[in-house]
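Input: a single structure, listed below in structure tokens.
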Amino acid sequence: MPFFIRGKRPQTRPDKKPKRIIKKNGQPPVKRPKVQKDLDEEITSEEDEYIKGKQEKFEEYETAEDLETPQEKKVRLARQYIKELEEQKANDQEAKRVDYDAIGHRLQEDVWEASGKLYKPVADTIAEADMENILTLKSKQQKLPITCMAMTSDDQFIFCGSKDCSLVKYTIDGKRVATIPGGRKGTEKVHTGHTSHVYSIAVSSDGMFLASGDQGGYIHIWNAKTMEFLKTFKKHRAAISGLAFRRGSHTLYSCSHDRMVIVWNIDAMAFVEHLGGHQDAITGIDALHRESCITSGGRDQSVIVYVIVEDKQLRFSGHQDSIDGVKLLNERTFFTYSQDGTICMWITSKKRPQCVHKAAHGYQANGQPHWITAIATMVNSDLLASAGSMDGFIRLWKINTGRQRGLEPILSIPVAGVVNSLDFTSNGSHLVAAVGREHKLGRWYCIKEGKNSVIVIPLKKKS
């Protein structure tokens, strides 16, 4: 920076060295004179054509954006950027609004389902069974009666077990995917699979794990997708009569003829706790979303709801004969069936049944009612299916939960054989039944016309 002295010209700082002029061969550089172009010089015809071509090319590509000033260009780009931001924000808000609506609706359904208030009227929409399109799933590996059956929550696969100790996996369309053959009795340490009659089967709600229990008290855990063997549990001292996964989790409940209920953690492949309370062999078990399970005791004629979180039991009684099974309709309502042909409807807030439907499948020639062998409920709806021992029909019922509680018959589906297990698809479009010539627990009678198979019955809807 130059500094000023009063009355003198500005000078440079004394510490700043003057610029040295480098001389070439000891002589100062020679300044060349500037050459001024003659502005009045004439342009040739070739140069004129070249300039005109440049001007035409410039006019061809000239647009309003090319002619705008730098300030106008900045304003235009800023407005364009603001417009893009507004459009993006509007799209994001719309997407968030849709997601929030879907999530809110799902959460509301979960709350209603957990409280037992979710209700889907389905019974009035069913017209008849499509008898012409019934699928019969039969494997050469399963030559004895089918005793149990379970479906994945997406209605894509069916798993079944039989008296020949085997397990088979089917698609809902009838294709056999995998088979786990049974082994001979006494080969439990060598054979991978069951070596006695398979009595119960269950699949987790996410379709990851499959559990199967047999007459010898063994519970095998499988990878439901690949049918790979994972683990064996042996805590029960008698036949495994029922298995149920808690929905939305990998908690497994098992019941046995040894009068005990056991809770298992399948993620850790570990035992959790024992639950007692029954005075006789337990015949069935079921569970939904809550951390609880419900069981039916056979000849002790009682039903127990195990509230695991509060470590308490709710006991119900009202049947006059052995209770053979229990099914939950929702978290507050459940059904039981017994050997005297009676189907009872219960609610958890009452100790006595709210509805008793006697001889649901009619009477035999000797005057005794037909034994109920299986029932199925479509969860959170008004639809129930039941099967009699020897009457040859599966009956569909409409559940009335109003002031006049009861069961109203809808239709009857002829089936040859003993139905040992029933289940609905999640949307109620099909009814799946495990059929055999004999009852799963014994050989009290044999229906020769029956086929040891799984049948898939399409249900036609009203227009």
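Going through the structure tokens in order, the chains are called A, B, and so on, while each chain numbers its residues from 1 and the ligands are numbered from 1 in the order shown.
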Once you count only C-alpha atoms, what closest atom pair and distance in Å to one decimal does each residue of range 132-231 of chain A within 12 Å of range 267-272 of chain A have, with rows by chain and rising residue number, as CSV?
residue,atom,partner,partner_atom,distance
A:Ser204,CA,A:Asp267,CA,11.5
A:Met208,CA,A:Asp267,CA,10.6
A:Phe209,CA,A:Asp267,CA,9.6
A:Ala211,CA,A:Met269,CA,11.7
A:Ile219,CA,A:Met269,CA,11.6
A:His220,CA,A:Met269,CA,10.9
A:Ile221,CA,A:Met269,CA,8.9
A:Trp222,CA,A:Met269,CA,11.4
A:Asn223,CA,A:Asp267,CA,12.0
A:Leu230,CA,A:Met269,CA,8.9
A:Lys231,CA,A:Met269,CA,7.3
Show me, as a PDB file with all heavy atoms, in the first residue's frame, the residues that have an atom within 6 Å of Cys165 in chain A when counting only C-alpha atoms, minus same-chain residues fewer than 5 positions from it.
ATOM      1  N   GLY A 182     -42.468 -90.818   7.710  1.00  0.00           N
ATOM      2  CA  GLY A 182     -42.440 -91.297   9.083  1.00  0.00           C
ATOM      3  C   GLY A 182     -41.452 -92.433   9.262  1.00  0.00           C
ATOM      4  O   GLY A 182     -41.046 -93.088   8.305  1.00  0.00           O
ATOM      5  N   HIS A 194     -41.159 -87.952  12.757  1.00  0.00           N
ATOM      6  CA  HIS A 194     -41.980 -88.619  13.758  1.00  0.00           C
ATOM      7  C   HIS A 194     -41.925 -90.130  13.583  1.00  0.00           C
ATOM      8  O   HIS A 194     -41.803 -90.647  12.469  1.00  0.00           O
ATOM      9  CB  HIS A 194     -43.432 -88.139  13.652  1.00  0.00           C
ATOM     10  CG  HIS A 194     -43.602 -86.699  14.040  1.00  0.00           C
ATOM     11  ND1 HIS A 194     -43.636 -86.272  15.346  1.00  0.00           N
ATOM     12  CD2 HIS A 194     -43.751 -85.587  13.278  1.00  0.00           C
ATOM     13  CE1 HIS A 194     -43.796 -84.970  15.374  1.00  0.00           C
ATOM     14  NE2 HIS A 194     -43.868 -84.519  14.136  1.00  0.00           N
ATOM     15  N   THR A 195     -42.066 -90.816  14.702  1.00  0.00           N
ATOM     16  CA  THR A 195     -42.098 -92.282  14.689  1.00  0.00           C
ATOM     17  C   THR A 195     -43.377 -92.815  15.327  1.00  0.00           C
ATOM     18  O   THR A 195     -43.468 -94.002  15.618  1.00  0.00           O
ATOM     19  CB  THR A 195     -40.870 -92.835  15.443  1.00  0.00           C
ATOM     20  OG1 THR A 195     -40.869 -92.320  16.781  1.00  0.00           O
ATOM     21  CG2 THR A 195     -39.580 -92.446  14.739  1.00  0.00           C
ATOM     22  N   SER A 196     -44.351 -91.948  15.553  1.00  0.00           N
ATOM     23  CA  SER A 196     -45.671 -92.346  16.049  1.00  0.00           C
ATOM     24  C   SER A 196     -46.715 -91.412  15.438  1.00  0.00           C
ATOM     25  O   SER A 196     -46.377 -90.424  14.773  1.00  0.00           O
ATOM     26  CB  SER A 196     -45.727 -92.290  17.587  1.00  0.00           C
ATOM     27  OG  SER A 196     -45.425 -90.987  18.046  1.00  0.00           O
ATOM     28  N   HIS A 197     -47.984 -91.717  15.666  1.00  0.00           N
ATOM     29  CA  HIS A 197     -49.065 -90.963  15.045  1.00  0.00           C
ATOM     30  C   HIS A 197     -48.932 -89.466  15.316  1.00  0.00           C
ATOM     31  O   HIS A 197     -48.720 -89.037  16.459  1.00  0.00           O
ATOM     32  CB  HIS A 197     -50.426 -91.433  15.584  1.00  0.00           C
ATOM     33  CG  HIS A 197     -50.710 -92.870  15.296  1.00  0.00           C
ATOM     34  ND1 HIS A 197     -51.825 -93.527  15.774  1.00  0.00           N
ATOM     35  CD2 HIS A 197     -50.038 -93.802  14.565  1.00  0.00           C
ATOM     36  CE1 HIS A 197     -51.825 -94.776  15.364  1.00  0.00           C
ATOM     37  NE2 HIS A 197     -50.745 -94.972  14.632  1.00  0.00           N
ATOM     38  N   VAL A 198     -49.045 -88.647  14.265  1.00  0.00           N
ATOM     39  CA  VAL A 198     -49.013 -87.193  14.406  1.00  0.00           C
ATOM     40  C   VAL A 198     -50.420 -86.728  14.769  1.00  0.00           C
ATOM     41  O   VAL A 198     -51.375 -86.960  14.019  1.00  0.00           O
ATOM     42  CB  VAL A 198     -48.522 -86.518  13.112  1.00  0.00           C
ATOM     43  CG1 VAL A 198     -48.472 -85.008  13.293  1.00  0.00           C
ATOM     44  CG2 VAL A 198     -47.162 -87.056  12.701  1.00  0.00           C
TER      45      VAL A 198
END
field: Test item, strand (DSSP E or B) assignment across range 122-182 of chain A, answer as JSON, numbers by chain
entry: {"A": [126, 127, 128, 129, 135, 136, 137, 146, 147, 148, 149, 150, 151, 157, 158, 159, 160, 161, 162, 167, 168, 169, 170, 171, 176, 177, 178, 179, 180]}
For the selection just defined, write its residues with N, CA and C atoms to a file, as a short mmCIF file (atom, residue, chain, number, x, y, z; two decimals), in the first residue's frame.
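File written: selection-v1.cif
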data_model
loop_
_atom_site.label_atom_id
_atom_site.label_comp_id
_atom_site.auth_asym_id
_atom_site.auth_seq_id
_atom_site.Cartn_x
_atom_site.Cartn_y
_atom_site.Cartn_z
N ILE A 126 -72.44 -66.12 1.67
CA ILE A 126 -72.16 -67.45 1.11
C ILE A 126 -73.44 -68.02 0.50
N ALA A 127 -73.33 -68.41 -0.76
CA ALA A 127 -74.48 -68.98 -1.47
C ALA A 127 -74.51 -70.50 -1.37
N GLU A 128 -73.41 -71.14 -1.78
CA GLU A 128 -73.34 -72.60 -1.77
C GLU A 128 -71.89 -73.03 -1.95
N ALA A 129 -71.67 -74.33 -1.80
CA ALA A 129 -70.33 -74.89 -2.03
C ALA A 129 -70.20 -75.28 -3.50
N LEU A 135 -61.03 -79.76 -4.65
CA LEU A 135 -59.70 -80.34 -4.84
C LEU A 135 -59.47 -81.42 -3.78
N THR A 136 -58.94 -82.55 -4.19
CA THR A 136 -58.57 -83.61 -3.26
C THR A 136 -57.05 -83.76 -3.28
N LEU A 137 -56.42 -83.50 -2.15
CA LEU A 137 -54.97 -83.57 -2.04
C LEU A 137 -54.60 -84.88 -1.36
N ILE A 146 -55.68 -88.89 7.71
CA ILE A 146 -55.11 -87.58 8.00
C ILE A 146 -55.70 -87.13 9.34
N THR A 147 -54.83 -86.79 10.28
CA THR A 147 -55.28 -86.49 11.65
C THR A 147 -55.34 -84.99 11.96
N CYS A 148 -54.50 -84.18 11.30
CA CYS A 148 -54.44 -82.76 11.62
C CYS A 148 -54.02 -81.98 10.39
N MET A 149 -54.29 -80.67 10.41
CA MET A 149 -54.02 -79.82 9.26
C MET A 149 -53.88 -78.38 9.72
N ALA A 150 -53.02 -77.61 9.04
CA ALA A 150 -52.84 -76.18 9.35
C ALA A 150 -52.51 -75.45 8.06
N MET A 151 -52.90 -74.16 8.00
CA MET A 151 -52.64 -73.32 6.83
C MET A 151 -51.84 -72.10 7.23
N PHE A 157 -50.19 -72.16 1.57
CA PHE A 157 -49.70 -73.52 1.81
C PHE A 157 -50.53 -74.22 2.88
N ILE A 158 -50.61 -75.55 2.74
CA ILE A 158 -51.33 -76.41 3.68
C ILE A 158 -50.36 -77.47 4.18
N PHE A 159 -50.32 -77.66 5.49
CA PHE A 159 -49.50 -78.71 6.12
C PHE A 159 -50.43 -79.71 6.78
N CYS A 160 -50.12 -81.00 6.65
CA CYS A 160 -50.96 -82.02 7.27
C CYS A 160 -50.11 -83.16 7.80
N GLY A 161 -50.62 -83.82 8.85
CA GLY A 161 -49.98 -84.99 9.44
C GLY A 161 -50.95 -86.15 9.46
N SER A 162 -50.42 -87.36 9.59
CA SER A 162 -51.28 -88.54 9.51
C SER A 162 -50.84 -89.60 10.50
N LEU A 167 -45.41 -86.09 7.39
CA LEU A 167 -45.87 -84.72 7.20
C LEU A 167 -45.77 -84.38 5.72
N VAL A 168 -46.78 -83.67 5.21
CA VAL A 168 -46.80 -83.28 3.79
C VAL A 168 -47.17 -81.82 3.69
N LYS A 169 -46.50 -81.13 2.78
CA LYS A 169 -46.78 -79.72 2.50
C LYS A 169 -47.35 -79.59 1.09
N TYR A 170 -48.51 -78.94 0.97
CA TYR A 170 -49.17 -78.70 -0.31
C TYR A 170 -49.32 -77.20 -0.55
N THR A 171 -49.50 -76.84 -1.82
CA THR A 171 -49.99 -75.51 -2.14
C THR A 171 -51.52 -75.55 -2.13
N ARG A 176 -48.04 -80.83 -4.49
CA ARG A 176 -47.27 -81.31 -3.34
C ARG A 176 -45.88 -80.71 -3.39
N VAL A 177 -45.48 -80.04 -2.31
CA VAL A 177 -44.21 -79.33 -2.27
C VAL A 177 -43.13 -80.16 -1.59
N ALA A 178 -43.46 -80.76 -0.44
CA ALA A 178 -42.44 -81.50 0.32
C ALA A 178 -43.13 -82.58 1.14
N THR A 179 -42.35 -83.62 1.46
CA THR A 179 -42.84 -84.73 2.27
C THR A 179 -41.77 -85.14 3.28
N ILE A 180 -42.16 -85.28 4.54
CA ILE A 180 -41.28 -85.80 5.58
C ILE A 180 -41.81 -87.18 5.96
#
query: So, counting only C-alpha atoms, which residue among A:Asp92, A:Lys143, A:Pro369, A:Leu441 is closest to Ala239 in chain A?
result: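 The closest residue to Ala239 in chain A is A:Leu441.
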- request: Fewer than 4 positions away in the same chain doesn't count, so skip those; otherwise give me all residues within 10 Å of range 385-400 of chain A, counting only C-alpha atoms, as a PyMOL selection string.
  value: chain A and resi 121-124+126+329+337+339+341+343+345+355+359-364+369-378+381+404-424+431+433+438-439+445-447+450
